[in-house]
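Peer 1: Coordinates in run-v3.txt, compact mmCIF, C-alpha atoms, are listed below.
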# COMPACT_ATOMS: atom_id res chain seq x y z
CA MET J 1 10.42 43.17 -20.56
CA ASN J 2 11.41 42.42 -24.10
CA HIS J 3 15.14 41.88 -24.13
CA LYS J 4 17.16 39.56 -26.28
CA PRO J 5 18.06 36.33 -24.42
CA VAL J 6 21.74 35.54 -23.94
CA GLY J 7 23.15 33.31 -26.65
CA THR J 8 20.56 34.22 -29.24
CA GLY J 9 21.83 33.61 -32.75
CA PRO J 10 20.64 35.18 -35.97
CA ARG J 11 17.98 32.52 -36.35
CA GLY J 12 16.58 32.89 -32.83
CA PRO J 13 17.27 31.00 -29.63
CA TYR J 14 17.98 27.28 -29.57
CA ILE J 15 14.99 25.36 -28.34
CA ARG J 16 15.65 21.83 -27.21
CA PRO J 17 13.28 19.53 -29.11
CA MET J 18 10.74 17.85 -26.84
CA THR J 19 9.42 15.14 -29.16
CA GLY J 20 9.81 11.71 -27.62
CA TRP J 21 11.18 13.21 -24.39
CA TRP J 22 9.77 10.36 -22.36
CA LYS J 23 11.93 7.80 -24.18
CA ARG J 24 15.11 9.46 -22.86
CA ASP J 25 15.04 8.02 -19.36
CA PRO J 26 13.61 4.78 -17.89
CA PHE J 27 12.01 6.90 -15.15
CA PHE J 28 10.03 8.83 -17.78
CA VAL J 29 9.09 5.58 -19.56
CA ARG J 30 7.67 4.22 -16.30
CA TYR J 31 5.81 7.52 -15.80
CA MET J 32 4.21 7.25 -19.25
CA ALA J 33 3.35 3.57 -18.71
CA ARG J 34 1.62 4.55 -15.48
CA GLU J 35 -0.28 7.33 -17.25
CA LEU J 36 -1.55 4.76 -19.78
CA THR J 37 -3.51 3.01 -17.00
CA ALA J 38 -5.98 5.92 -17.24
CA PHE J 39 -7.15 4.38 -20.52
CA ALA J 40 -7.75 1.07 -18.73
CA VAL J 41 -9.92 2.82 -16.14
CA LEU J 42 -11.87 4.55 -18.93
CA ALA J 43 -12.23 1.30 -20.91
CA TYR J 44 -13.61 -0.55 -17.88
CA ALA J 45 -16.10 2.25 -17.19
CA VAL J 46 -17.33 1.86 -20.79
CA VAL J 47 -17.53 -1.97 -20.45
CA LEU J 48 -19.70 -1.59 -17.34
CA LEU J 49 -21.76 1.18 -18.96
CA VAL J 50 -22.57 -1.13 -21.89
CA GLY J 51 -23.54 -3.78 -19.33
CA VAL J 52 -25.99 -1.43 -17.59
CA VAL J 53 -27.50 -0.35 -20.93
CA ARG J 54 -27.88 -3.99 -22.07
CA LEU J 55 -29.44 -4.93 -18.72
CA SER J 56 -32.09 -2.23 -19.20
CA GLN J 57 -32.87 -3.66 -22.67
CA GLY J 58 -33.98 -7.05 -21.38
CA GLU J 59 -32.79 -10.62 -20.98
CA ALA J 60 -31.68 -11.28 -24.58
CA ALA J 61 -29.57 -8.11 -24.65
CA TRP J 62 -28.02 -8.93 -21.28
CA ASN J 63 -27.14 -12.49 -22.34
CA GLY J 64 -25.51 -11.06 -25.45
CA TRP J 65 -23.29 -8.92 -23.24
CA LEU J 66 -22.41 -11.96 -21.10
CA MET J 67 -21.52 -13.89 -24.28
CA ALA J 68 -19.31 -11.01 -25.41
CA LEU J 69 -17.50 -11.13 -22.05
CA ARG J 70 -16.67 -14.80 -22.74
CA SER J 71 -15.00 -14.07 -26.10
CA PRO J 72 -11.20 -14.45 -26.28
CA TRP J 73 -10.78 -10.74 -27.10
CA SER J 74 -12.74 -9.73 -24.03
CA LEU J 75 -10.77 -12.11 -21.81
CA LEU J 76 -7.52 -10.74 -23.22
CA LEU J 77 -8.74 -7.17 -22.67
CA HIS J 78 -9.66 -7.96 -19.07
CA ILE J 79 -6.24 -9.49 -18.38
CA VAL J 80 -4.70 -6.21 -19.58
CA LEU J 81 -7.25 -4.26 -17.50
CA LEU J 82 -6.48 -6.40 -14.43
CA VAL J 83 -2.75 -5.67 -14.67
CA SER J 84 -3.43 -1.97 -15.31
CA PHE J 85 -5.72 -1.65 -12.30
CA ALA J 86 -3.14 -3.37 -10.10
CA VAL J 87 -0.48 -0.93 -11.34
CA HIS J 88 -2.89 1.94 -10.67
CA ALA J 89 -3.56 0.72 -7.10
CA LYS J 90 0.17 0.34 -6.47
CA SER J 91 1.11 3.79 -7.74
CA TRP J 92 -1.99 5.54 -6.33
CA PHE J 93 -0.85 4.82 -2.79
CA GLU J 94 2.80 5.49 -3.63
CA ILE J 95 1.87 8.99 -4.80
CA MET J 96 -0.70 9.65 -2.04
CA PRO J 97 1.76 10.60 0.74
CA LYS J 98 3.39 13.09 -1.64
CA THR J 99 0.12 14.85 -2.47
CA MET J 100 -1.74 14.74 0.86
CA PRO J 101 -1.16 17.13 3.78
CA ILE J 102 1.48 16.05 6.29
CA LEU J 103 -0.03 13.56 8.72
CA VAL J 104 1.05 13.84 12.36
CA VAL J 105 0.20 11.12 14.88
CA GLY J 106 1.36 11.48 18.48
CA GLY J 107 3.71 14.36 17.62
CA GLN J 108 5.49 12.28 14.99
CA ARG J 109 5.18 12.74 11.27
CA VAL J 110 3.78 9.55 9.69
CA ALA J 111 6.35 8.15 7.25
CA GLU J 112 5.52 8.06 3.54
CA ALA J 113 6.14 4.32 3.44
CA THR J 114 3.62 3.77 6.25
CA ILE J 115 0.87 5.66 4.42
CA THR J 116 1.60 3.66 1.25
CA ARG J 117 1.48 0.35 3.12
CA VAL J 118 -1.79 1.26 4.87
CA GLY J 119 -3.25 2.08 1.45
CA TRP J 120 -2.17 -1.26 -0.02
CA ALA J 121 -3.55 -3.06 3.03
CA ALA J 122 -6.86 -1.22 2.53
CA THR J 123 -6.94 -2.42 -1.10
CA LEU J 124 -6.34 -6.03 -0.02
CA LEU J 125 -9.07 -5.78 2.63
CA ALA J 126 -11.58 -4.11 0.27
CA SER J 127 -10.82 -6.70 -2.44
CA ALA J 128 -11.30 -9.58 -0.01
CA ALA J 129 -14.57 -8.06 1.22
CA LEU J 130 -15.83 -7.58 -2.36
CA PHE J 131 -14.93 -11.16 -3.32
CA ALA J 132 -16.63 -12.45 -0.16
CA LEU J 133 -19.77 -10.48 -1.09
CA ALA J 134 -19.73 -11.98 -4.59
CA TRP J 135 -19.19 -15.46 -3.14
CA TRP J 136 -22.06 -14.98 -0.74
CA GLY J 137 -24.22 -13.53 -3.53
CA GLN J 138 -23.87 -16.57 -5.81
CA SER J 139 -25.37 -19.05 -3.31
CA MET S 1 -12.59 37.32 -9.15
CA LYS S 2 -13.93 34.36 -11.12
CA ARG S 3 -13.91 31.23 -9.01
CA SER S 4 -11.96 28.32 -10.43
CA ASN S 5 -13.85 25.18 -11.39
CA ALA S 6 -10.71 23.07 -10.93
CA PRO S 7 -11.60 21.76 -7.42
CA ILE S 8 -14.72 20.05 -8.79
CA PHE S 9 -12.71 18.09 -11.36
CA TRP S 10 -10.02 17.38 -8.78
CA LEU S 11 -12.59 15.99 -6.34
CA LEU S 12 -14.07 13.70 -9.01
CA PHE S 13 -10.54 12.65 -10.07
CA GLY S 14 -9.57 11.88 -6.48
CA ALA S 15 -12.75 9.99 -5.62
CA GLY S 16 -12.52 7.93 -8.81
CA GLY S 17 -8.83 7.20 -8.27
CA MET S 18 -9.44 6.01 -4.72
CA LEU S 19 -12.38 3.83 -5.73
CA ALA S 20 -10.36 2.36 -8.61
CA ALA S 21 -7.40 1.68 -6.32
CA LEU S 22 -9.51 0.02 -3.62
CA LEU S 23 -11.99 -2.01 -5.69
CA GLY S 24 -11.06 -1.76 -9.39
CA THR S 25 -8.72 -4.74 -9.59
CA MET S 26 -11.17 -7.13 -7.89
CA LEU S 27 -14.12 -5.77 -9.91
CA VAL S 28 -12.26 -6.45 -13.16
CA PHE S 29 -11.37 -9.94 -11.92
CA ILE S 30 -14.98 -10.75 -10.95
CA THR S 31 -16.86 -9.34 -13.96
CA GLY S 32 -14.22 -9.86 -16.65
CA LEU S 33 -12.50 -13.14 -15.73
CA ALA S 34 -13.94 -15.11 -12.80
CA VAL S 35 -17.61 -15.09 -13.87
CA PRO S 36 -17.12 -15.40 -17.67
CA LEU S 37 -14.68 -18.31 -17.19
CA GLY S 38 -16.51 -19.79 -14.21
CA ILE S 39 -13.32 -19.95 -12.17
CA THR S 40 -13.70 -19.37 -8.41
CA LEU S 41 -17.19 -17.93 -9.00
CA ARG S 42 -20.21 -19.46 -10.77
CA PRO S 43 -21.45 -17.83 -14.01
CA GLU S 44 -24.97 -17.75 -12.50
CA LEU S 45 -23.76 -14.92 -10.27
CA MET S 46 -24.36 -12.58 -13.20
CA SER S 47 -27.50 -14.23 -14.58
CA TYR S 48 -30.26 -11.89 -15.80
CA PRO S 49 -32.71 -12.23 -12.87
CA ARG S 50 -29.92 -11.90 -10.33
CA MET S 51 -28.34 -8.82 -11.93
CA LEU S 52 -31.75 -7.21 -12.54
CA ALA S 53 -32.63 -7.63 -8.85
CA PHE S 54 -29.18 -6.31 -7.93
CA ALA S 55 -29.51 -3.22 -10.13
CA GLN S 56 -33.00 -2.53 -8.75
CA ASN S 57 -31.62 -2.16 -5.24
CA PRO S 58 -31.10 1.57 -4.54
CA ILE S 59 -27.73 1.04 -2.83
CA ALA S 60 -26.46 -1.19 -5.65
CA LYS S 61 -27.72 1.40 -8.17
CA LEU S 62 -25.72 4.09 -6.40
CA PHE S 63 -22.66 1.82 -6.30
CA LEU S 64 -22.88 1.07 -10.02
CA LEU S 65 -23.31 4.76 -10.85
CA ALA S 66 -20.39 5.69 -8.59
CA VAL S 67 -18.10 3.11 -10.17
CA ILE S 68 -18.97 3.97 -13.78
CA ALA S 69 -19.15 7.77 -13.40
CA LEU S 70 -16.19 8.25 -11.05
CA PHE S 71 -13.96 5.89 -13.08
CA ALA S 72 -14.83 7.94 -16.18
CA TRP S 73 -14.19 11.33 -14.50
CA HIS S 74 -10.92 10.06 -13.01
CA ALA S 75 -9.70 8.68 -16.35
CA VAL S 76 -10.55 11.71 -18.50
CA HIS S 77 -8.91 14.09 -16.01
CA ARG S 78 -5.69 12.09 -16.21
CA ILE S 79 -5.86 11.74 -19.99
CA LEU S 80 -6.37 15.52 -20.24
CA CYS S 81 -3.28 16.13 -18.09
CA SER S 82 -1.26 13.62 -20.14
CA LEU S 83 -2.09 15.44 -23.38
CA HIS S 84 0.17 18.25 -22.20
CA ASP S 85 3.03 15.75 -21.80
CA ILE S 86 2.84 14.73 -25.44
CA GLY S 87 2.60 18.35 -26.59
CA ILE S 88 -1.14 18.87 -27.03
CA HIS S 89 -2.43 22.06 -25.49
CA LYS S 90 -5.05 21.60 -22.76
CA GLY S 91 -7.42 23.97 -24.52
CA LEU S 92 -11.17 24.31 -24.62
CA LEU S 93 -11.53 21.61 -27.30
CA ALA S 94 -9.51 19.02 -25.36
CA LYS S 95 -11.36 19.87 -22.14
CA SER S 96 -14.76 19.67 -23.86
CA ILE S 97 -14.00 16.25 -25.35
CA CYS S 98 -12.62 14.80 -22.09
CA TYR S 99 -15.04 16.22 -19.53
CA GLY S 100 -17.92 16.05 -22.04
CA GLY S 101 -17.21 12.35 -22.54
CA ALA S 102 -17.30 11.69 -18.80
CA LEU S 103 -20.53 13.68 -18.52
CA VAL S 104 -22.18 11.63 -21.28
CA ILE S 105 -21.03 8.35 -19.65
CA SER S 106 -22.43 9.51 -16.28
CA LEU S 107 -25.76 10.62 -17.74
CA VAL S 108 -26.26 7.44 -19.81
CA ALA S 109 -25.42 5.28 -16.77
CA GLY S 110 -27.72 7.31 -14.50
CA THR S 111 -30.73 7.29 -16.84
CA HIS S 112 -30.46 3.57 -17.62
CA LEU S 113 -30.09 2.68 -13.94
CA LEU S 114 -33.26 4.69 -13.25
CA MET S 115 -35.04 2.97 -16.17
CA LEU S 116 -34.39 -0.41 -14.52
CA GLY S 117 -36.89 0.60 -11.84
Show how you would write the structure in this file as structure tokens.
Peer 2:
Amino acid sequence: MNHKPVGTGPRGPYIRPMTGWWKRDPFFVRYMARELTAFAVLAYAVVLLVGVVRLSQGEAAWNGWLMALRSPWSLLLHIVLLVSFAVHAKSWFEIMPKTMPILVVGGQRVAEATITRVGWAATLLASAALFALAWWGQS
Amino acid sequence: MKRSNAPIFWLLFGAGGMLAALLGTMLVFITGLAVPLGITLRPELMSYPRMLAFAQNPIAKLFLLAVIALFAWHAVHRILCSLHDIGIHKGLLAKSICYGGALVISLVAGTHLLMLG
């Protein structure tokens, strides 16, 4: 099919510009902010990767990495990372019921809100368990 | 018909996203704030002998590799999808940079964890 679209002028059809589309609506702004947390996840993977590489290079290299973690820039970065990961955890379980197959328990469809809350509870439990392990590991 | 390779990237994206949602926030708090500042946890938790012993444990090695590699695969998959939103075509170049980056991160993490013995 190669017909002329309705409303086509002499200079071709009007195409709505898409630049900066996400600034048009607060919903889109929130979407883009959420997408930015992917960079936080990548940045933290790189921070840990550098740690593993420095660990394999010996004690002096490892202590250098620990010193770098104590610098104000690193602390600031990790505060941003902490907030980003929390946003990721929040939205991950908000989106999960929309992407997973419908869950039926006892003939009733499990509500989206229930799945989200179970996910958040799992995060709290896993975080508590991880902190407990770290606490136990330091003694 | 050529089989799609999309499910592999989706699986890595999903696993990384779940791991990040469950443990990421606390991991960042422990390694990036609590231990460096010595609040709630002692800095000795991440001393060289302790971390070396930790990374020499096969289960801990697997955990470290899973966190680093899956976080990387999850992140690059999302960044690749976001490129489309800002008008960059998800072509071969973009895919190579994103997935290639995650592959390099995974390989470097894996080899160095093995080198630790």
Peer 1: Any idea what's packed within 10 Å of Tyr48 in chain S, counting all atoms listed in the file, ignoring anything in its chain fewer than 3 positions away? Could you give it as a PDB file with C-alpha atoms, keeping the file's coordinate frame?
Peer 2:
ATOM      1  CA  LEU J  55     -29.440  -4.930 -18.720  1.00  0.00           C
ATOM      2  CA  GLY J  58     -33.980  -7.050 -21.380  1.00  0.00           C
ATOM      3  CA  GLU J  59     -32.790 -10.620 -20.980  1.00  0.00           C
ATOM      4  CA  ALA J  60     -31.680 -11.280 -24.580  1.00  0.00           C
ATOM      5  CA  ALA J  61     -29.570  -8.110 -24.650  1.00  0.00           C
ATOM      6  CA  TRP J  62     -28.020  -8.930 -21.280  1.00  0.00           C
ATOM      7  CA  ASN J  63     -27.140 -12.490 -22.340  1.00  0.00           C
ATOM      8  CA  LEU J  66     -22.410 -11.960 -21.100  1.00  0.00           C
TER       9      LEU J  66
ATOM     10  CA  GLU S  44     -24.970 -17.750 -12.500  1.00  0.00           C
ATOM     11  CA  LEU S  45     -23.760 -14.920 -10.270  1.00  0.00           C
ATOM     12  CA  MET S  51     -28.340  -8.820 -11.930  1.00  0.00           C
ATOM     13  CA  LEU S  52     -31.750  -7.210 -12.540  1.00  0.00           C
ATOM     14  CA  ALA S  53     -32.630  -7.630  -8.850  1.00  0.00           C
ATOM     15  CA  PHE S  54     -29.180  -6.310  -7.930  1.00  0.00           C
TER      16      PHE S  54
END
Peer 1: For chain J, list the residues within 8 Å of chain S, counting only C-alpha atoms, and write the list as a count of residues only.
Peer 2: 46
Peer 1: For a test of reading the model, state the distance in Å between CA of Ala43 in chain J and CA of Arg30 in chain J, rounded to one decimal.
Peer 2: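 Value for the CA of Ala43 in chain J-CA of Arg30 in chain J distance: 20.6 Å.
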Peer 1: For CA of Gly101 in chain S and CA of Phe63 in chain S, determine how far apart the two atoms are, in Å to one decimal place.
Peer 2: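 Interatomic distance here is 20.1 Å.
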Peer 1: Could you check how far CA of Leu133 in chain J sits from CA of Arg34 in chain J, in Å to one decimal?
Peer 2: 29.8 Å
Peer 1: Return the padded bounding box of range 59-74 of chain J as lines of an AutoDock Vina configuration file: axis-aligned, built from all atoms listed in the file, 4 Å added on each side, with centre and edge lengths in Å to one decimal.
Peer 2:
center_x = -21.8
center_y = -11.5
center_z = -24.0
size_x = 30.0
size_y = 14.7
size_z = 14.1
Peer 1: Excluding range 110-112 of chain J and any residue of its chain fewer than 6 positions from it, enumerate the residues within 8 Å of it, using all atoms listed in the file, and give them as a ChimeraX atom specification.
Peer 2: /J:97-98,102-104
Peer 1: Can you rebuild range 104-133 of chain J with N, CA and C atoms and give it as a short mmCIF file (atom, residue, chain, number, x, y, z; two decimals), in the frame of the given file?
Peer 2:
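So part-v2.cif came out as:
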data_model
loop_
_atom_site.label_atom_id
_atom_site.label_comp_id
_atom_site.auth_asym_id
_atom_site.auth_seq_id
_atom_site.Cartn_x
_atom_site.Cartn_y
_atom_site.Cartn_z
N VAL J 104 0.30 13.93 11.10
CA VAL J 104 1.05 13.84 12.36
C VAL J 104 0.23 13.01 13.35
N VAL J 105 0.85 11.96 13.87
CA VAL J 105 0.20 11.12 14.88
C VAL J 105 1.11 11.06 16.10
N GLY J 106 0.59 11.51 17.25
CA GLY J 106 1.36 11.48 18.48
C GLY J 106 2.64 12.31 18.40
N GLY J 107 2.57 13.47 17.72
CA GLY J 107 3.71 14.36 17.62
C GLY J 107 4.76 13.92 16.61
N GLN J 108 4.53 12.78 15.97
CA GLN J 108 5.49 12.28 14.99
C GLN J 108 4.87 12.32 13.60
N ARG J 109 5.67 12.75 12.63
CA ARG J 109 5.18 12.74 11.27
C ARG J 109 5.10 11.29 10.77
N VAL J 110 3.93 10.91 10.20
CA VAL J 110 3.78 9.55 9.69
C VAL J 110 4.62 9.39 8.42
N ALA J 111 5.44 8.35 8.39
CA ALA J 111 6.35 8.15 7.25
C ALA J 111 5.58 7.85 5.98
N GLU J 112 6.16 8.29 4.84
CA GLU J 112 5.52 8.06 3.54
C GLU J 112 5.26 6.58 3.31
N ALA J 113 6.26 5.77 3.67
CA ALA J 113 6.14 4.32 3.44
C ALA J 113 4.97 3.73 4.23
N THR J 114 4.72 4.27 5.42
CA THR J 114 3.62 3.77 6.25
C THR J 114 2.28 4.04 5.58
N ILE J 115 2.12 5.29 5.09
CA ILE J 115 0.87 5.66 4.42
C ILE J 115 0.64 4.76 3.21
N THR J 116 1.70 4.52 2.43
CA THR J 116 1.60 3.66 1.25
C THR J 116 1.17 2.26 1.65
N ARG J 117 1.80 1.73 2.71
CA ARG J 117 1.48 0.35 3.12
C ARG J 117 0.05 0.24 3.64
N VAL J 118 -0.40 1.26 4.37
CA VAL J 118 -1.79 1.26 4.87
C VAL J 118 -2.76 1.26 3.68
N GLY J 119 -2.43 2.03 2.66
CA GLY J 119 -3.25 2.08 1.45
C GLY J 119 -3.34 0.72 0.77
N TRP J 120 -2.18 0.07 0.62
CA TRP J 120 -2.17 -1.26 -0.02
C TRP J 120 -2.95 -2.26 0.81
N ALA J 121 -2.81 -2.16 2.14
CA ALA J 121 -3.55 -3.06 3.03
C ALA J 121 -5.06 -2.83 2.87
N ALA J 122 -5.44 -1.54 2.73
CA ALA J 122 -6.86 -1.22 2.53
C ALA J 122 -7.38 -1.83 1.24
N THR J 123 -6.55 -1.81 0.18
CA THR J 123 -6.94 -2.42 -1.10
C THR J 123 -7.15 -3.92 -0.93
N LEU J 124 -6.22 -4.58 -0.23
CA LEU J 124 -6.34 -6.03 -0.02
C LEU J 124 -7.62 -6.35 0.76
N LEU J 125 -7.88 -5.57 1.81
CA LEU J 125 -9.07 -5.78 2.63
C LEU J 125 -10.34 -5.57 1.82
N ALA J 126 -10.39 -4.44 1.07
CA ALA J 126 -11.58 -4.11 0.27
C ALA J 126 -11.80 -5.17 -0.79
N SER J 127 -10.70 -5.67 -1.41
CA SER J 127 -10.82 -6.70 -2.44
C SER J 127 -11.36 -7.99 -1.84
N ALA J 128 -10.83 -8.36 -0.68
CA ALA J 128 -11.30 -9.58 -0.01
C ALA J 128 -12.77 -9.46 0.35
N ALA J 129 -13.18 -8.28 0.84
CA ALA J 129 -14.57 -8.06 1.22
C ALA J 129 -15.48 -8.16 -0.01
N LEU J 130 -15.03 -7.56 -1.12
CA LEU J 130 -15.83 -7.58 -2.36
C LEU J 130 -15.97 -9.01 -2.89
N PHE J 131 -14.87 -9.77 -2.84
CA PHE J 131 -14.93 -11.16 -3.32
C PHE J 131 -15.86 -11.98 -2.41
N ALA J 132 -15.77 -11.73 -1.10
CA ALA J 132 -16.63 -12.45 -0.16
C ALA J 132 -18.10 -12.15 -0.44
N LEU J 133 -18.40 -10.87 -0.75
CA LEU J 133 -19.77 -10.48 -1.09
C LEU J 133 -20.25 -11.22 -2.33
#
